[in-house]
>>> print(open('run.txt').read())   # compact mmCIF, C-alpha atoms
# COMPACT_ATOMS: atom_id res chain seq x y z
CA MET M 222 0.00 0.00 0.00
CA LYS M 223 1.59 3.24 -1.18
CA GLN M 224 0.40 6.78 -1.75
CA GLU M 225 -0.35 5.92 -5.38
CA ASP M 226 -3.00 3.49 -4.14
CA PHE M 227 -5.01 6.47 -2.92
CA VAL M 228 -5.27 8.21 -6.29
CA TYR M 229 -8.46 8.05 -8.35
CA ILE M 230 -8.46 9.11 -12.00
CA ALA M 231 -11.97 9.96 -13.20
CA PRO M 232 -13.19 9.05 -16.72
CA ASP M 233 -12.66 12.67 -17.80
CA GLY M 234 -9.02 12.51 -16.69
CA ALA M 235 -9.49 14.44 -13.45
CA LYS M 236 -7.09 13.24 -10.77
CA TYR M 237 -8.08 12.99 -7.11
CA GLU M 238 -5.19 12.40 -4.69
CA MET M 239 -7.19 11.22 -1.70
CA ILE M 240 -4.18 10.60 0.52
CA HIS M 241 -3.64 14.35 0.87
CA SER M 242 -7.22 15.04 1.93
CA MET M 243 -7.33 12.36 4.62
CA THR M 244 -6.68 13.58 8.15
CA ARG M 245 -4.34 11.07 9.75
CA PRO M 246 -1.88 11.09 12.64
CA TRP M 247 1.81 11.06 11.83
CA TRP M 248 2.79 7.41 12.22
CA ARG M 249 6.07 8.10 14.05
CA SER M 250 4.27 9.90 16.87
CA GLU M 251 2.63 7.52 19.34
CA VAL M 252 1.06 10.44 21.21
CA GLU M 253 -1.09 11.37 18.20
CA TYR M 254 -2.68 7.89 18.24
CA LEU M 255 -3.48 7.74 21.96
CA PRO M 256 -6.95 9.38 21.64
CA ILE M 257 -8.04 6.38 19.57
CA LEU M 258 -7.88 4.25 22.72
CA GLN M 259 -10.97 6.08 24.00
CA TRP M 260 -13.01 5.87 20.79
CA HIS M 261 -16.14 3.85 20.17
CA PRO M 262 -15.54 0.62 18.13
CA VAL M 263 -17.56 2.04 15.21
CA LYS M 264 -15.23 5.01 14.95
CA ILE M 265 -12.17 2.75 15.03
CA ALA M 266 -13.77 0.56 12.34
CA TRP M 267 -14.11 3.64 10.14
CA GLU M 268 -10.40 4.40 10.62
CA PHE M 269 -9.60 1.00 9.09
CA LEU M 270 -12.09 1.31 6.23
CA ARG M 271 -10.89 4.76 5.19
CA ARG M 272 -7.41 3.29 4.81
CA ASN M 273 -8.72 0.82 2.22
CA PRO M 274 -7.55 2.01 -1.24
CA ASP M 275 -10.20 -0.05 -3.05
CA TYR M 276 -12.99 1.51 -1.00
CA PHE M 277 -11.88 5.06 -1.66
CA LYS M 278 -11.37 4.54 -5.38
CA ARG M 279 -14.84 3.07 -5.68
CA TYR M 280 -16.33 5.78 -3.45
CA TYR M 281 -14.82 8.56 -5.55
CA SER M 282 -15.85 6.81 -8.74
CA TRP M 283 -19.45 6.75 -7.45
CA LYS M 284 -19.14 10.35 -6.32
CA TRP M 285 -17.91 11.44 -9.76
CA HIS M 286 -20.83 9.79 -11.58
CA ARG M 287 -23.25 11.32 -9.09
CA SER M 288 -21.75 14.80 -9.48
CA ILE M 289 -22.04 14.56 -13.28
CA ALA M 290 -25.74 13.75 -12.98
CA LEU M 291 -26.31 16.62 -10.55
CA GLU M 292 -24.30 19.21 -12.48
CA ASN M 293 -26.09 18.46 -15.76
CA GLY M 294 -29.53 18.41 -14.17
CA PHE M 295 -30.40 14.93 -15.44
CA GLY M 296 -33.77 13.54 -14.40
CA ASN M 297 -34.19 10.41 -12.30
CA GLY M 298 -34.77 8.34 -15.43
CA HIS M 299 -31.39 9.21 -16.96
CA PRO M 300 -28.92 6.27 -17.27
CA SER M 301 -26.31 8.11 -15.18
CA TRP M 302 -28.57 7.90 -12.12
CA LYS M 303 -28.97 4.16 -12.60
CA ILE M 304 -25.21 3.76 -12.88
CA GLN M 305 -24.48 5.61 -9.65
CA ASP M 306 -27.31 3.83 -7.85
CA ASN M 307 -25.92 0.42 -8.86
CA MET M 308 -22.46 1.52 -7.75
CA ALA M 309 -23.85 2.60 -4.36
CA GLN M 310 -25.56 -0.76 -3.88
CA LYS M 311 -22.34 -2.62 -4.67
CA ILE M 312 -20.39 -0.45 -2.22
CA LEU M 313 -23.02 -1.19 0.43
CA HIS M 314 -22.77 -4.93 -0.29
CA ASP M 315 -18.97 -5.11 -0.44
CA PHE M 316 -18.06 -2.69 2.35
CA GLY M 317 -21.18 -2.57 4.53
CA ILE M 318 -21.75 1.17 4.24
CA ASP M 319 -24.04 3.21 1.98
CA PRO M 320 -22.19 6.13 0.33
CA ASN M 321 -25.48 8.07 0.17
CA TRP M 322 -25.30 8.36 3.97
CA LEU M 323 -21.88 9.99 3.89
CA PRO M 324 -21.15 13.74 3.95
CA PRO M 325 -19.44 15.31 0.90
CA SER M 326 -15.97 14.57 2.28
CA PRO M 327 -15.86 11.60 4.70
CA ASN M 328 -12.15 12.06 5.41
CA SER M 329 -12.17 13.80 8.78
CA SER M 330 -11.10 11.80 11.81
CA ASP M 331 -14.20 12.82 13.81
CA PHE M 332 -16.64 11.35 11.28
CA CYS M 333 -18.72 8.38 12.51
CA PRO M 334 -20.70 6.57 9.80
CA VAL M 335 -23.46 4.00 10.26
CA PHE M 336 -22.47 0.52 9.07
CA ARG M 337 -24.98 -2.04 7.91
CA GLU M 338 -23.73 -4.35 10.66
CA GLN M 339 -25.09 -1.88 13.23
CA ILE M 340 -28.62 -2.71 12.10
CA ALA M 341 -29.50 -5.59 14.42
CA PRO M 342 -31.39 -8.44 12.73
CA GLN M 343 -33.42 -9.04 15.91
CA GLY M 344 -36.49 -6.84 15.69
CA GLY M 345 -35.03 -4.57 13.06
CA GLN M 346 -33.41 -2.32 15.64
CA ILE M 347 -31.39 0.48 14.06
CA ILE M 348 -28.57 2.28 15.85
CA ALA M 349 -27.79 5.59 14.19
CA THR M 350 -26.18 8.91 15.00
CA LEU M 351 -28.45 11.91 14.89
CA ASN M 352 -26.40 13.42 12.06
CA SER M 353 -26.79 10.31 9.88
CA LEU M 354 -30.58 10.60 10.07
CA THR M 355 -30.63 14.29 9.20
CA ARG M 356 -28.42 13.61 6.16
CA MET M 357 -30.88 11.13 4.69
CA ALA M 358 -33.36 12.20 2.07
CA GLU M 359 -37.01 12.19 3.13
CA GLU M 360 -37.91 9.53 0.58
CA ASP M 361 -35.30 7.21 2.16
CA LEU M 362 -36.37 7.72 5.77
CA TRP M 363 -39.70 5.97 5.31
CA LYS M 364 -37.92 2.87 4.01
CA LEU M 365 -36.28 2.30 7.39
CA THR M 366 -38.36 0.15 9.71
CA GLY M 367 -37.89 -0.95 13.29
CA THR M 368 -36.94 0.86 16.46
CA PHE M 369 -34.44 3.72 16.27
CA TYR M 370 -31.84 4.21 18.98
CA PRO M 371 -30.18 7.56 18.18
CA ILE M 372 -26.77 7.94 19.75
CA VAL M 373 -24.63 11.01 20.33
CA PRO M 374 -20.81 10.56 20.18
CA GLY M 375 -19.31 11.19 23.60
CA LYS M 376 -22.62 10.96 25.47
CA ASN M 377 -24.68 7.82 25.06
CA TRP M 378 -22.51 5.61 22.89
CA PRO M 379 -23.15 1.98 23.90
CA ARG M 380 -20.30 0.48 25.91
CA ARG M 381 -18.58 -2.77 25.16
CA LYS M 382 -19.37 -5.43 27.77
CA SER M 383 -17.23 -8.41 26.77
CA GLY M 384 -13.88 -9.24 28.34
CA PRO M 385 -12.08 -7.82 31.36
CA PRO M 386 -10.81 -4.22 31.20
CA GLN M 387 -7.18 -5.33 30.90
CA LYS M 388 -7.94 -7.49 27.87
CA LYS M 389 -10.00 -4.79 26.19
CA ALA M 390 -7.25 -2.23 26.70
CA HIS M 391 -4.67 -4.61 25.26
CA CYS M 392 -6.79 -5.43 22.20
CA ARG M 393 -7.56 -1.79 21.55
CA TYR M 394 -3.89 -0.84 21.86
CA GLN M 395 -3.08 -3.51 19.30
CA LEU M 396 -5.66 -2.00 16.91
CA VAL M 397 -3.92 1.34 17.30
CA ASN M 398 -0.64 -0.36 16.46
CA TYR M 399 -2.23 -1.77 13.30
CA LEU M 400 -3.28 1.74 12.26
CA ARG M 401 0.27 2.98 12.78
CA LEU M 402 1.62 0.18 10.61
CA LEU M 403 -0.86 1.01 7.85
CA ASP M 404 0.12 4.68 7.92
CA ALA M 405 3.80 3.77 8.00
CA LYS M 406 3.43 1.57 4.93
CA THR M 407 1.54 4.34 3.12
CA ASN M 408 4.54 6.58 3.77
CA ASN M 409 6.88 3.87 2.40
CA ALA M 410 8.53 3.26 5.78
CA SER M 411 10.81 0.24 6.01
CA ALA M 412 10.48 -2.46 8.67
CA ASP M 413 13.73 -1.31 10.29
CA GLU M 414 12.39 2.24 10.49
CA ILE M 415 9.16 1.00 12.05
CA ARG M 416 11.18 -0.98 14.61
CA ILE M 417 12.89 2.21 15.74
CA TYR M 418 9.78 4.35 16.22
CA VAL M 419 7.22 1.82 17.54
CA SER M 420 8.01 1.04 21.17
CA GLN M 421 6.67 -2.52 21.34
CA TYR M 422 9.28 -3.70 18.82
CA ARG M 423 12.36 -2.04 20.37
CA SER M 424 12.83 -4.63 23.11
CA LEU M 425 12.97 -7.48 20.58
CA SER M 426 15.93 -8.61 18.53
CA ARG M 427 15.99 -7.47 14.94
CA GLU M 428 14.88 -10.87 13.61
CA GLN M 429 12.05 -11.14 16.15
CA ALA M 430 10.95 -7.56 15.53
CA LEU M 431 10.84 -7.96 11.75
CA ALA M 432 8.87 -11.19 12.06
CA ARG M 433 6.41 -9.55 14.46
CA ILE M 434 6.03 -6.55 12.15
CA ARG M 435 5.26 -8.81 9.18
CA ALA M 436 2.65 -10.70 11.20
CA HIS M 437 1.05 -7.51 12.46
CA TRP M 438 1.09 -6.01 8.98
CA HIS M 439 -0.90 -8.95 7.60
CA ALA M 440 -3.32 -8.65 10.53
CA ALA M 441 -3.71 -4.94 9.83
CA ARG M 442 -4.51 -5.67 6.18
CA ARG M 443 -7.17 -8.16 7.27
CA MET M 444 -8.71 -5.46 9.44
CA VAL M 445 -8.80 -3.09 6.46
CA GLU M 446 -10.33 -5.66 4.13
CA ALA M 447 -12.89 -7.36 6.39
CA GLY M 448 -12.12 -7.18 10.11
CA TYR M 449 -13.50 -3.67 10.48
CA ARG M 450 -17.03 -5.00 9.83
CA LYS M 451 -16.87 -7.27 12.88
CA LEU M 452 -15.53 -4.36 14.89
CA ALA M 453 -18.43 -2.17 13.78
CA ALA M 454 -20.91 -4.86 14.82
CA SER M 455 -19.38 -5.38 18.27
CA PRO M 456 -21.73 -4.49 21.18
>>> encode(input="run.txt", output="structure tokens")
Amino acid sequence: MKQEDFVYIAPDGAKYEMIHSMTRPWWRSEVEYLPILQWHPVKIAWEFLRRNPDYFKRYYSWKWHRSIALENGFGNGHPSWKIQDNMAQKILHDFGIDPNWLPPSPNSSDFCPVFREQIAPQGGQIIATLNSLTRMAEEDLWKLTGTFYPIVPGKNWPRRKSGPPQKKAHCRYQLVNYLRLLDAKTNNASADEIRIYVSQYRSLSREQALARIRAHWHAARRMVEAGYRKLAASP
């Protein structure tokens, strides 16, 4: 994963370098990642998804087709609307999040989306932030059935109940380490460089540290590709 992976070239040749618009901590600074330890699992899940190059290329491709339809004033029956609607459905199926629910630029670190996994199958209960409901079009609101449980970040986010506090803290710290590895790889950092700046690898020998970094890197990629969905669905 390199910076080139976060570049989308639209059909008209327009180039969108998404890596520069994404607000991320500087991977060498552990202090900048510490606030993540206090975040809700949904917010951490979004941090992994927004580091997925495939997701962002497909999101910006959908956004480009949608903007063309809006700028030209095409009616709902125009083929361009069908194209962008099909793209949105595929994004929802493949990544578990509807791009129509996102703000114009879902790159800020304080953005909390609503994943499909947050919609509980039992009783059709829907957990949503207040902002996500206000962003929805009126014709889409009536399609949602079940009981709504609006949540406000920092106030009534549901708490995780599984595992002792020590285990939860350890697992969450490891997730933060995965995010640092992803950002380091995006900045073309070598394994030896990562070993110097990430404290948990310094106490190991070089061979042990490099092996641990490779294992954690593969785990971080799994979180980006699929693991974030389980994290978003965690109680």
>>> residues_around(input="run.txt", residues="M:Asp306", least_positions_apart="2", cutoff="10 Å", atoms="all atoms listed in the file", output="list in words")
Trp283, His286, Arg287, Pro300, Ser301, Trp302, Lys303, Ile304, Met308, Ala309, Gln310, Lys311, Ile312, Pro320 and Asn321 of chain M
>>> write_last_selection(input="run.txt", atoms="C-alpha atoms", output="mmCIF file, in the coordinates of the input")
data_model
loop_
_atom_site.group_PDB
_atom_site.id
_atom_site.type_symbol
_atom_site.label_atom_id
_atom_site.label_comp_id
_atom_site.auth_asym_id
_atom_site.auth_seq_id
_atom_site.Cartn_x
_atom_site.Cartn_y
_atom_site.Cartn_z
ATOM 1 C CA TRP M 283 -19.450 6.750 -7.450
ATOM 2 C CA HIS M 286 -20.830 9.790 -11.580
ATOM 3 C CA ARG M 287 -23.250 11.320 -9.090
ATOM 4 C CA PRO M 300 -28.920 6.270 -17.270
ATOM 5 C CA SER M 301 -26.310 8.110 -15.180
ATOM 6 C CA TRP M 302 -28.570 7.900 -12.120
ATOM 7 C CA LYS M 303 -28.970 4.160 -12.600
ATOM 8 C CA ILE M 304 -25.210 3.760 -12.880
ATOM 9 C CA MET M 308 -22.460 1.520 -7.750
ATOM 10 C CA ALA M 309 -23.850 2.600 -4.360
ATOM 11 C CA GLN M 310 -25.560 -0.760 -3.880
ATOM 12 C CA LYS M 311 -22.340 -2.620 -4.670
ATOM 13 C CA ILE M 312 -20.390 -0.450 -2.220
ATOM 14 C CA PRO M 320 -22.190 6.130 0.330
ATOM 15 C CA ASN M 321 -25.480 8.070 0.170
#
>>> closest_residue(input="run.txt", among="M:Arg272, M:Ser250, M:Tyr418, M:Cys392", to="M:Lys223", atoms="all atoms listed in the file")
M:Arg272
>>> atom_distance(input="run.txt", atom1="atom CA of M:Asn273", atom2="atom CA of M:Ser420")
25.3 Å
>>> closest_residue(input="run.txt", among="M:Met239, M:Ile318, M:Val397, M:Leu425", to="M:Pro274", atoms="all atoms listed in the file")
M:Met239
>>> atom_distance(input="run.txt", atom1="atom CA of M:Arg279", atom2="atom CA of M:Arg393")
28.6 Å
>>> atom_distance(input="run.txt", atom1="atom CA of M:Tyr280", atom2="atom CA of M:Leu313")
10.4 Å
>>> residues_around(input="run.txt", residues="M:Arg427", least_positions_apart="4", cutoff="12 Å", atoms="only C-alpha atoms", output="number ranges by chain")
M: 412-417, 422-423, 431-434
>>> write_last_selection(input="run.txt", atoms="C-alpha atoms", output="JSON list (two decimals), keeping the file's coordinate frame")
[["chain", "number", "residue", "atom", "x", "y", "z"],
["M", 412, "ALA", "CA", 10.48, -2.46, 8.67],
["M", 413, "ASP", "CA", 13.73, -1.31, 10.29],
["M", 414, "GLU", "CA", 12.39, 2.24, 10.49],
["M", 415, "ILE", "CA", 9.16, 1.00, 12.05],
["M", 416, "ARG", "CA", 11.18, -0.98, 14.61],
["M", 417, "ILE", "CA", 12.89, 2.21, 15.74],
["M", 422, "TYR", "CA", 9.28, -3.70, 18.82],
["M", 423, "ARG", "CA", 12.36, -2.04, 20.37],
["M", 431, "LEU", "CA", 10.84, -7.96, 11.75],
["M", 432, "ALA", "CA", 8.87, -11.19, 12.06],
["M", 433, "ARG", "CA", 6.41, -9.55, 14.46],
["M", 434, "ILE", "CA", 6.03, -6.55, 12.15]]
>>> residues_near_point(input="run.txt", point="(-1.2, -1.8, 20.4)", cutoff="12 Å", atoms="all atoms listed in the file", output="list of chain:residue names")
M:Glu251, M:Tyr254, M:Leu255, M:Ile257, M:Leu258, M:Lys388, M:Lys389, M:Ala390, M:His391, M:Cys392, M:Arg393, M:Tyr394, M:Gln395, M:Leu396, M:Val397, M:Asn398, M:Tyr399, M:Leu400, M:Arg401, M:Leu402, M:Val419, M:Ser420, M:Gln421, M:Tyr422, M:Ile434, M:His437, M:Ala441
>>> closest_residue(input="run.txt", among="M:Gly298, M:Glu253, M:His261, M:Val228", to="M:Lys278", atoms="only C-alpha atoms")
M:Val228
>>> closest_residue(input="run.txt", among="M:Phe277, M:Pro334, M:Ser424, M:Pro232", to="M:Ile289", atoms="all atoms listed in the file")
M:Pro232
